[in-house]
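Enquirer: If it helps, the file is called final_17.cif and holds mmCIF, C-alpha atoms:
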data_my_file
loop_
_atom_site.label_atom_id
_atom_site.label_comp_id
_atom_site.auth_asym_id
_atom_site.auth_seq_id
_atom_site.Cartn_x
_atom_site.Cartn_y
_atom_site.Cartn_z
CA MET M 1 9.58 -37.17 -10.43
CA ASN M 2 8.81 -39.62 -7.67
CA LEU M 3 10.07 -37.86 -4.57
CA VAL M 4 10.00 -39.76 -1.31
CA LYS M 5 11.77 -37.39 1.08
CA GLU M 6 12.22 -33.63 1.37
CA PHE M 7 15.03 -31.72 3.08
CA TYR M 8 15.93 -28.09 3.64
CA PHE M 9 19.33 -26.80 2.49
CA ALA M 10 20.73 -23.28 2.33
CA ILE M 11 23.99 -21.36 2.22
CA MET M 12 23.85 -17.83 3.56
CA LEU M 13 26.17 -15.13 4.82
CA ASP M 14 26.48 -15.22 8.59
CA ARG M 15 27.39 -12.03 10.44
CA SER M 16 28.42 -13.82 13.64
CA SER M 17 30.98 -16.09 11.97
CA GLY M 18 31.99 -13.55 9.33
CA GLY M 19 31.47 -15.87 6.38
CA PRO M 20 29.16 -18.42 4.75
CA VAL M 21 27.12 -20.81 6.83
CA ILE M 22 25.45 -23.98 5.59
CA ILE M 23 22.03 -24.61 7.08
CA ALA M 24 20.51 -28.07 6.75
CA CYS M 25 17.41 -29.78 8.07
CA SER M 26 16.03 -33.29 7.68
CA GLU M 27 12.61 -31.78 7.01
CA GLY M 28 11.90 -29.53 4.05
CA GLY M 29 9.17 -28.24 1.81
CA THR M 30 7.95 -25.87 4.51
CA SER M 31 9.04 -22.61 6.11
CA ILE M 32 12.40 -22.90 7.84
CA GLU M 33 11.19 -20.25 10.29
CA ASP M 34 8.35 -22.54 11.37
CA LEU M 35 10.75 -25.45 11.72
CA ALA M 36 13.13 -23.34 13.79
CA GLU M 37 10.29 -22.62 16.17
CA SER M 38 8.77 -26.11 16.35
CA SER M 39 11.82 -28.36 15.94
CA PRO M 40 15.06 -26.37 16.37
CA GLU M 41 17.01 -29.55 17.18
CA LYS M 42 16.51 -30.76 13.60
CA ILE M 43 18.39 -27.79 12.11
CA ILE M 44 22.16 -27.78 11.91
CA LYS M 45 24.39 -24.82 11.06
CA VAL M 46 27.92 -25.32 9.79
CA PRO M 47 30.05 -22.15 9.47
CA ILE M 48 32.52 -22.34 6.57
CA ASP M 49 35.92 -20.69 6.32
CA ILE M 50 35.62 -18.60 3.15
CA ARG M 51 39.39 -18.94 2.58
CA THR M 52 39.46 -22.73 2.45
CA GLY M 53 35.91 -23.80 1.68
CA PRO M 54 34.12 -26.71 3.37
CA SER M 55 36.26 -29.55 4.69
CA GLU M 56 35.35 -33.21 4.23
CA SER M 57 34.27 -33.42 7.87
CA GLU M 58 32.00 -30.37 7.44
CA ILE M 59 30.46 -31.87 4.31
CA SER M 60 29.89 -35.13 6.18
CA LYS M 61 28.22 -33.25 9.00
CA VAL M 62 25.82 -31.60 6.57
CA VAL M 63 25.01 -34.91 4.85
CA ALA M 64 24.33 -36.49 8.24
CA GLY M 65 22.18 -33.55 9.28
CA LEU M 66 20.06 -33.92 6.17
CA GLY M 67 19.51 -37.60 6.86
CA VAL M 68 20.33 -38.70 3.32
CA SER M 69 19.52 -42.38 2.80
CA GLY M 70 21.12 -42.78 -0.63
CA ASP M 71 24.70 -42.38 -1.82
CA LYS M 72 26.28 -40.12 0.80
CA ALA M 73 29.40 -39.47 -1.27
CA ALA M 74 27.26 -38.29 -4.18
CA ALA M 75 25.26 -36.10 -1.79
CA GLY M 76 28.52 -34.60 -0.56
CA GLU M 77 29.57 -33.78 -4.11
CA GLN M 78 26.24 -32.05 -4.72
CA ILE M 79 26.70 -29.96 -1.58
CA LYS M 80 30.19 -28.99 -2.76
CA ALA M 81 28.76 -27.99 -6.14
CA LEU M 82 26.16 -25.78 -4.46
CA TYR M 83 28.87 -24.18 -2.33
CA ASN M 84 30.99 -23.54 -5.43
CA LEU M 85 27.98 -21.87 -7.05
CA PHE M 86 27.58 -19.67 -3.96
CA VAL M 87 31.21 -18.51 -4.10
CA GLU M 88 31.83 -18.32 -7.85
CA LYS M 89 28.66 -16.36 -8.60
CA ASP M 90 28.97 -13.97 -5.64
CA CYS M 91 25.74 -15.14 -4.06
CA THR M 92 24.27 -13.80 -0.87
CA MET M 93 21.99 -16.83 -0.55
CA VAL M 94 21.46 -20.23 -2.12
CA GLU M 95 18.33 -21.83 -0.70
CA VAL M 96 17.08 -25.22 -1.92
CA ASN M 97 13.71 -26.01 -0.42
CA PRO M 98 12.98 -28.72 -0.89
CA LEU M 99 16.16 -30.58 -1.62
CA ALA M 100 14.41 -33.86 -2.37
CA GLU M 101 15.36 -37.50 -2.56
CA ASP M 102 13.83 -39.82 -5.15
CA ILE M 103 13.15 -43.56 -4.83
CA ASP M 104 16.70 -44.32 -5.99
CA GLY M 105 18.26 -42.09 -3.32
CA ASN M 106 19.28 -39.34 -5.76
CA LEU M 107 19.21 -35.76 -4.50
CA ILE M 108 17.19 -33.34 -6.63
CA ALA M 109 16.90 -29.57 -6.22
CA ALA M 110 13.12 -29.46 -6.51
CA ASP M 111 12.87 -25.74 -5.85
CA ALA M 112 15.47 -23.06 -5.22
CA LYS M 113 15.95 -19.39 -4.50
CA ILE M 114 19.23 -17.61 -5.20
CA GLY M 115 20.26 -14.09 -4.25
CA PHE M 116 23.19 -12.24 -5.82
CA ASP M 117 25.36 -9.46 -4.45
CA ASP M 118 24.64 -6.21 -6.32
CA ASN M 119 28.16 -5.03 -5.50
CA ALA M 120 29.55 -7.85 -7.66
CA ALA M 121 27.49 -6.97 -10.73
CA PHE M 122 30.63 -5.77 -12.53
CA ARG M 123 32.06 -9.31 -12.58
CA GLN M 124 28.76 -11.21 -12.83
CA LYS M 125 27.38 -9.43 -15.87
CA ASP M 126 25.80 -12.57 -17.31
CA VAL M 127 23.82 -13.10 -14.12
CA HIS M 128 22.73 -9.50 -13.59
CA ALA M 129 21.76 -9.15 -17.26
CA GLN M 130 18.83 -11.45 -16.40
CA ARG M 131 17.55 -9.12 -13.69
CA ASP M 132 13.81 -8.50 -14.03
CA HIS M 133 13.26 -4.87 -13.10
CA THR M 134 9.49 -5.27 -13.46
CA GLN M 135 9.55 -7.17 -10.17
CA GLU M 136 11.15 -4.25 -8.34
CA ASP M 137 10.02 -0.88 -7.06
CA PRO M 138 10.56 1.44 -10.08
CA ARG M 139 11.81 4.16 -7.73
CA GLU M 140 14.57 1.88 -6.47
CA VAL M 141 15.47 0.97 -10.05
CA ALA M 142 15.66 4.66 -11.01
CA ALA M 143 17.78 5.40 -7.95
CA GLY M 144 20.20 2.63 -8.86
CA LYS M 145 20.73 4.18 -12.29
CA TRP M 146 21.82 7.41 -10.59
CA ASP M 147 23.96 5.63 -7.98
CA LEU M 148 21.57 6.63 -5.21
CA ASN M 149 20.34 4.40 -2.39
CA TYR M 150 16.55 4.53 -2.10
CA ILE M 151 14.03 2.50 -0.13
CA GLY M 152 10.38 3.44 -0.19
CA LEU M 153 8.44 3.58 3.08
CA ASP M 154 4.82 4.35 3.90
CA GLY M 155 5.07 7.83 5.43
CA ASN M 156 4.54 11.31 3.98
CA ILE M 157 7.80 13.20 4.65
CA GLY M 158 10.35 12.60 1.93
CA CYS M 159 13.98 12.47 3.07
CA MET M 160 17.16 13.27 1.16
CA VAL M 161 20.30 12.76 3.22
CA ASN M 162 23.98 11.98 2.69
CA GLY M 163 25.20 8.95 4.60
CA ALA M 164 23.24 5.91 5.77
CA GLY M 165 23.75 6.65 9.47
CA LEU M 166 22.54 10.24 9.13
CA ALA M 167 19.59 9.01 7.04
CA MET M 168 18.56 6.60 9.80
CA SER M 169 18.91 9.33 12.43
CA THR M 170 16.83 11.69 10.31
CA MET M 171 14.02 9.16 10.01
CA ASP M 172 14.16 8.48 13.75
CA ILE M 173 13.87 12.14 14.67
CA ILE M 174 11.01 12.68 12.21
CA SER M 175 9.18 9.83 13.94
CA LEU M 176 10.08 11.20 17.37
CA ARG M 177 8.54 14.53 16.41
CA GLY M 178 5.29 12.89 15.33
CA GLY M 179 5.97 12.55 11.62
CA SER M 180 6.39 9.57 9.34
CA PRO M 181 9.26 9.22 6.83
CA ALA M 182 8.27 8.36 3.26
CA ASN M 183 11.63 6.96 2.24
CA PHE M 184 15.27 6.29 2.93
CA LEU M 185 17.40 8.12 0.36
CA ASP M 186 21.17 8.40 0.67
CA VAL M 187 22.83 10.53 -2.01
CA GLY M 188 26.31 9.48 -0.88
CA GLY M 189 29.38 11.64 -0.51
CA SER M 190 30.05 12.74 -4.08
CA ALA M 191 26.67 13.52 -5.65
CA ASN M 192 26.50 16.17 -8.37
CA VAL M 193 23.71 18.58 -9.29
CA ASP M 194 22.09 16.13 -11.72
CA GLN M 195 22.00 13.41 -9.06
CA ILE M 196 20.39 15.79 -6.57
CA LYS M 197 17.77 16.69 -9.15
CA ALA M 198 17.18 13.00 -9.84
CA ALA M 199 16.77 12.38 -6.11
CA PHE M 200 14.00 14.98 -5.97
CA GLU M 201 12.31 13.43 -9.01
CA ILE M 202 12.35 10.01 -7.35
CA ILE M 203 11.00 11.31 -4.05
CA THR M 204 8.18 13.24 -5.71
CA THR M 205 6.97 10.25 -7.72
CA ASP M 206 5.49 9.06 -4.42
CA PRO M 207 2.03 10.70 -4.24
CA ALA M 208 2.03 10.30 -0.45
CA VAL M 209 4.90 12.78 -0.03
CA LYS M 210 3.60 16.06 1.43
CA ALA M 211 6.95 17.60 2.42
CA ILE M 212 10.64 17.00 1.72
CA LEU M 213 13.38 17.25 4.33
CA VAL M 214 16.93 17.71 3.05
CA ASN M 215 19.54 17.00 5.73
CA ILE M 216 23.16 17.32 4.59
CA PHE M 217 26.31 17.21 6.64
CA GLY M 218 29.02 18.27 4.24
CA GLY M 219 32.29 16.46 4.54
CA ILE M 220 33.26 15.19 1.13
CA MET M 221 29.82 16.26 -0.03
CA GLN M 222 29.79 20.04 -0.50
CA CYS M 223 26.82 22.06 0.67
CA ASP M 224 26.92 24.43 -2.30
CA ILE M 225 26.53 21.50 -4.72
CA ILE M 226 23.50 20.32 -2.76
CA ALA M 227 22.08 23.85 -2.76
CA GLU M 228 22.48 24.17 -6.55
CA GLY M 229 20.71 20.85 -7.00
CA ILE M 230 17.87 21.89 -4.70
CA VAL M 231 17.36 25.13 -6.60
CA GLU M 232 17.47 23.49 -10.02
CA ALA M 233 15.13 20.69 -8.95
CA SER M 234 12.68 23.11 -7.34
CA ARG M 235 12.48 25.18 -10.51
CA SER M 236 12.42 22.42 -13.10
CA LEU M 237 10.02 20.16 -11.23
CA ASN M 238 7.73 22.94 -10.03
CA LEU M 239 7.71 21.47 -6.55
CA GLU M 240 4.40 22.05 -4.82
CA VAL M 241 5.37 20.61 -1.43
CA PRO M 242 7.31 22.35 1.34
CA VAL M 243 11.08 21.76 1.22
CA ILE M 244 12.90 21.98 4.53
CA VAL M 245 16.68 22.31 4.28
CA ARG M 246 19.35 21.77 6.91
CA LEU M 247 22.92 22.23 5.72
CA GLU M 248 26.09 21.91 7.78
CA GLY M 249 29.76 21.42 6.95
CA THR M 250 31.86 22.09 3.85
CA ASN M 251 30.91 25.29 2.00
CA VAL M 252 27.80 25.72 4.16
CA GLU M 253 27.88 29.53 3.85
CA LYS M 254 28.01 29.32 0.05
CA GLY M 255 25.18 26.81 0.07
CA GLN M 256 22.97 28.93 2.29
CA GLN M 257 23.64 31.99 0.13
CA ILE M 258 22.64 30.08 -3.02
CA LEU M 259 19.36 29.10 -1.38
CA LYS M 260 18.75 32.64 -0.16
CA ASP M 261 19.47 34.20 -3.56
CA SER M 262 17.21 31.73 -5.37
CA GLY M 263 14.03 33.49 -4.30
CA LEU M 264 12.39 30.13 -3.68
CA GLU M 265 10.18 29.55 -0.66
CA LEU M 266 12.48 27.07 1.04
CA ILE M 267 12.31 26.50 4.77
CA SER M 268 15.71 26.77 6.43
CA ALA M 269 16.55 24.82 9.60
CA LYS M 270 19.42 25.40 11.99
CA ASP M 271 19.83 21.76 13.06
CA LEU M 272 18.30 18.31 12.57
CA ASP M 273 15.78 18.59 15.39
CA ASP M 274 14.64 21.97 14.11
CA ALA M 275 14.35 20.52 10.59
CA ALA M 276 12.23 17.60 11.78
CA GLN M 277 9.89 19.86 13.74
CA LYS M 278 9.46 22.20 10.77
CA ALA M 279 8.83 19.28 8.40
CA VAL M 280 6.11 17.87 10.65
CA ALA M 281 4.58 21.33 11.18
CA SER M 282 4.53 22.04 7.43
CA ILE M 283 2.00 19.27 6.81
CA ALA M 284 0.00 19.57 10.04
#
Have the structure of the file written as structure tokens, please.

Expert:
Amino acid sequence: MNLVKEFYFAIMLDRSSGGPVIIACSEGGTSIEDLAESSPEKIIKVPIDIRTGPSESEISKVVAGLGVSGDKAAAGEQIKALYNLFVEKDCTMVEVNPLAEDIDGNLIAADAKIGFDDNAAFRQKDVHAQRDHTQEDPREVAAGKWDLNYIGLDGNIGCMVNGAGLAMSTMDIISLRGGSPANFLDVGGSANVDQIKAAFEIITTDPAVKAILVNIFGGIMQCDIIAEGIVEASRSLNLEVPVIVRLEGTNVEKGQQILKDSGLELISAKDLDDAAQKAVASIA
């Protein structure tokens, strides 16, 4: 291919406009972040109404922003096709960098990166069947199979929490108390005993983990179910690290009794701050 000009083109989800935004730049083949810093005036952003799609005037604005020298109508059709791909395949991002122009003025997607919404996997089975799990953290892959949300970090205190907000708060307080969280793990609001056991297995595959903090606020999630999972996981996995448990909410008394009757050396905490302090102290 004899490419004479390179552009940057992307469609992404934009929080501020609540929908897709087309980003275009007359310079491509390099980092858009660097361009945004050195030449922000060359980048245009065109928010698109997800209900109607791009209008002709919006397409024209993008074509003009790219600085296409060839057939502008054909360029507009290619932009529409890329937008249709974004919508029809439930993409979170379609980035073409560079979107290049050859000597005849034809636009060519010389390189591209596409992201897909995991929540739409049920209707994009052909796309997600091509997913290469070898390129992902095996712990995150295992968590996905159990419908758990896991993100590995570089600390040494494993966390198992229900609810993303509570998980973030737990990690913050661990850090505030001088510790370092090893992961984000949200078991959700309806986990069963097997899922709790799987969560422990995933956390303990990280050799850096020296303690595990379980912080559960039972609403839909019942504390006795969590307690049964903790006991089963502790016994079957022969856990050799301290396990600090804070339970509150639905069936908390039953959950605490299950832990007490287990005979396991679990460390009970009365609240989140107490749990964080005990977790940090257990590995000091």

Enquirer: Here's the selection I'm unsure about, the PyMOL selection byres ((chain M and resi 95) around 7); applied to the file above, which residues does it give, as a list in words?

Expert: Phe9, Ala10, Ile11, Met93, Val94, Val96, Asn97, Ala112, Lys113 and Ile114 of chain M

Enquirer: Between M:Arg177, M:Gly218, M:Pro138, M:Glu265, which is the closest to Asp206 of chain M once you count all atoms listed in the file?

Expert: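 That would be M:Pro138, the residue with the smallest distance to Asp206 of chain M.
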
Enquirer: Taking only residues of segment 27-91 of chain M that have an atom at most 12 Å from an atom of segment 98-110 of chain M, what is each one's shortest atom pair and its distance in Å to one decimal, using only C-alpha atoms, in chain and number order, as CSV?

Expert:
residue,atom,partner,partner_atom,distance
M:Glu27,CA,M:Pro98,CA,8.5
M:Gly28,CA,M:Pro98,CA,5.1
M:Gly29,CA,M:Pro98,CA,4.7
M:Thr30,CA,M:Pro98,CA,7.9
M:Ser31,CA,M:Pro98,CA,10.1
M:Ile32,CA,M:Pro98,CA,10.5
M:Val63,CA,M:Leu107,CA,11.0
M:Leu66,CA,M:Leu99,CA,9.3
M:Gly67,CA,M:Glu101,CA,10.3
M:Val68,CA,M:Gly105,CA,7.7
M:Ser69,CA,M:Gly105,CA,6.3
M:Gly70,CA,M:Gly105,CA,4.0
M:Asp71,CA,M:Gly105,CA,6.6
M:Lys72,CA,M:Gly105,CA,9.2
M:Ala73,CA,M:Asn106,CA,11.1
M:Ala74,CA,M:Asn106,CA,8.2
M:Ala75,CA,M:Leu107,CA,6.6
M:Gly76,CA,M:Leu107,CA,10.2
M:Glu77,CA,M:Leu107,CA,10.6
M:Gln78,CA,M:Leu107,CA,8.0
M:Ile79,CA,M:Leu107,CA,9.9
M:Ala81,CA,M:Ala109,CA,12.0
M:Leu82,CA,M:Ala109,CA,10.2

Enquirer: I'd like the contact shell of Asp147 of chain M - 12 Å cut-off, all atoms listed in the file, skipping same-chain residues fewer than 5 positions apart - returned as a ChimeraX atom specification.

Expert: /M:118-119,140-142,185-192,194-196,198-199

Enquirer: Fewer than 5 positions away in the same chain doesn't count, so skip those; otherwise give me all residues within 6 Å of segment 224-234 of chain M, counting all atoms listed in the file, as a list of chain:residue names.

Expert: M:Val193, M:Ile196, M:Lys197, M:Leu239, M:Asn251, M:Lys254, M:Gly255

Enquirer: For Ile50 of chain M, please output as a PDB file with C-alpha atoms, keeping the file's coordinate frame all residues within 10 Å (counting only C-alpha atoms; exclusion window: fewer than 5 positions along the same chain).

Expert:
ATOM      1  CA  GLY M  18      31.990 -13.550   9.330  1.00  0.00           C
ATOM      2  CA  GLY M  19      31.470 -15.870   6.380  1.00  0.00           C
ATOM      3  CA  PRO M  20      29.160 -18.420   4.750  1.00  0.00           C
ATOM      4  CA  VAL M  21      27.120 -20.810   6.830  1.00  0.00           C
ATOM      5  CA  VAL M  87      31.210 -18.510  -4.100  1.00  0.00           C
TER       6      VAL M  87
END

Enquirer: Give the answer as one residue: which of M:Ala279, M:Ala120, M:Val4, M:Cys223 has the shortest atom-to-atom distance to Gly249 of chain M, using all atoms listed in the file?

Expert: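 Between M:Ala279, M:Ala120, M:Val4, M:Cys223, the residue approaching Gly249 of chain M most closely is M:Cys223.
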
Enquirer: Please determine, counting all atoms listed in the file, which residue among M:Asp90, M:Leu85, M:Arg51, M:Val280 has the shortest atom-to-atom distance to Ser175 of chain M.

Expert: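 The answer is M:Val280, which sits nearest to Ser175 of chain M.
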
Enquirer: Could you please determine the separation between atom CA of Gln130 of chain M and atom CA of Gly115 of chain M in Å, to one decimal place?

Expert: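 One can read the atom CA of Gln130 of chain M to atom CA of Gly115 of chain M distance as 12.5 Å.
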
Enquirer: Report the distance between atom CA of Val245 of chain M and atom CA of Leu264 of chain M in Å, rounded to one decimal place.

Expert: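 Calculated distance between atom CA of Val245 of chain M and atom CA of Leu264 of chain M is 12.0 Å.
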
Enquirer: Need to verify the contact set: Gly179 of chain M, 12 Å, only C-alpha atoms, exclusion of same-chain residues closer than 5 positions in sequence. Can you return it as an MDAnalysis selection string?

Expert: chainID M and resid 154:159 170:174 209:213 275:284

Enquirer: Based on the selection just made, write C-alpha atoms of those residues as a compact mmCIF listing (two decimals), in the coordinates of the input.

Expert:
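Writing done, so here's again30.txt:
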# COMPACT_ATOMS: atom_id res chain seq x y z
CA ASP M 154 4.82 4.35 3.90
CA GLY M 155 5.07 7.83 5.43
CA ASN M 156 4.54 11.31 3.98
CA ILE M 157 7.80 13.20 4.65
CA GLY M 158 10.35 12.60 1.93
CA CYS M 159 13.98 12.47 3.07
CA THR M 170 16.83 11.69 10.31
CA MET M 171 14.02 9.16 10.01
CA ASP M 172 14.16 8.48 13.75
CA ILE M 173 13.87 12.14 14.67
CA ILE M 174 11.01 12.68 12.21
CA VAL M 209 4.90 12.78 -0.03
CA LYS M 210 3.60 16.06 1.43
CA ALA M 211 6.95 17.60 2.42
CA ILE M 212 10.64 17.00 1.72
CA LEU M 213 13.38 17.25 4.33
CA ALA M 275 14.35 20.52 10.59
CA ALA M 276 12.23 17.60 11.78
CA GLN M 277 9.89 19.86 13.74
CA LYS M 278 9.46 22.20 10.77
CA ALA M 279 8.83 19.28 8.40
CA VAL M 280 6.11 17.87 10.65
CA ALA M 281 4.58 21.33 11.18
CA SER M 282 4.53 22.04 7.43
CA ILE M 283 2.00 19.27 6.81
CA ALA M 284 0.00 19.57 10.04

Enquirer: How far is it from atom CA of Lys45 of chain M to atom CA of Lys5 of chain M, in Å with one decimal?

Expert: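 Calculated distance between atom CA of Lys45 of chain M and atom CA of Lys5 of chain M is 20.4 Å.
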
Enquirer: Of the residues M:Leu237, M:Ala167, M:Val46, M:Cys25, which is the one nearest to Glu201 of chain M, using all atoms listed in the file?

Expert: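 Once distances to Glu201 of chain M are computed over all atoms listed in the file, the minimum belongs to M:Leu237.
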
Enquirer: For a quick check of understanding, using all atoms listed in the file, which of M:Asp137, M:Glu56, M:Glu240, M:Asp117 has the smallest distance to Phe86 of chain M?

Expert: M:Asp117

Enquirer: Quick one: apply the PyMOL selection byres ((chain M and resi 184) around 6) to the file and drop the selected residues here as a VMD selection string.

Expert: chain M and resid 150 to 151 183 185

Enquirer: Can you work out which one of M:Met160, M:Leu176, M:Leu247, M:Ile44 has the shortest atom-to-atom distance to Phe217 of chain M, counting all atoms listed in the file?

Expert: M:Leu247
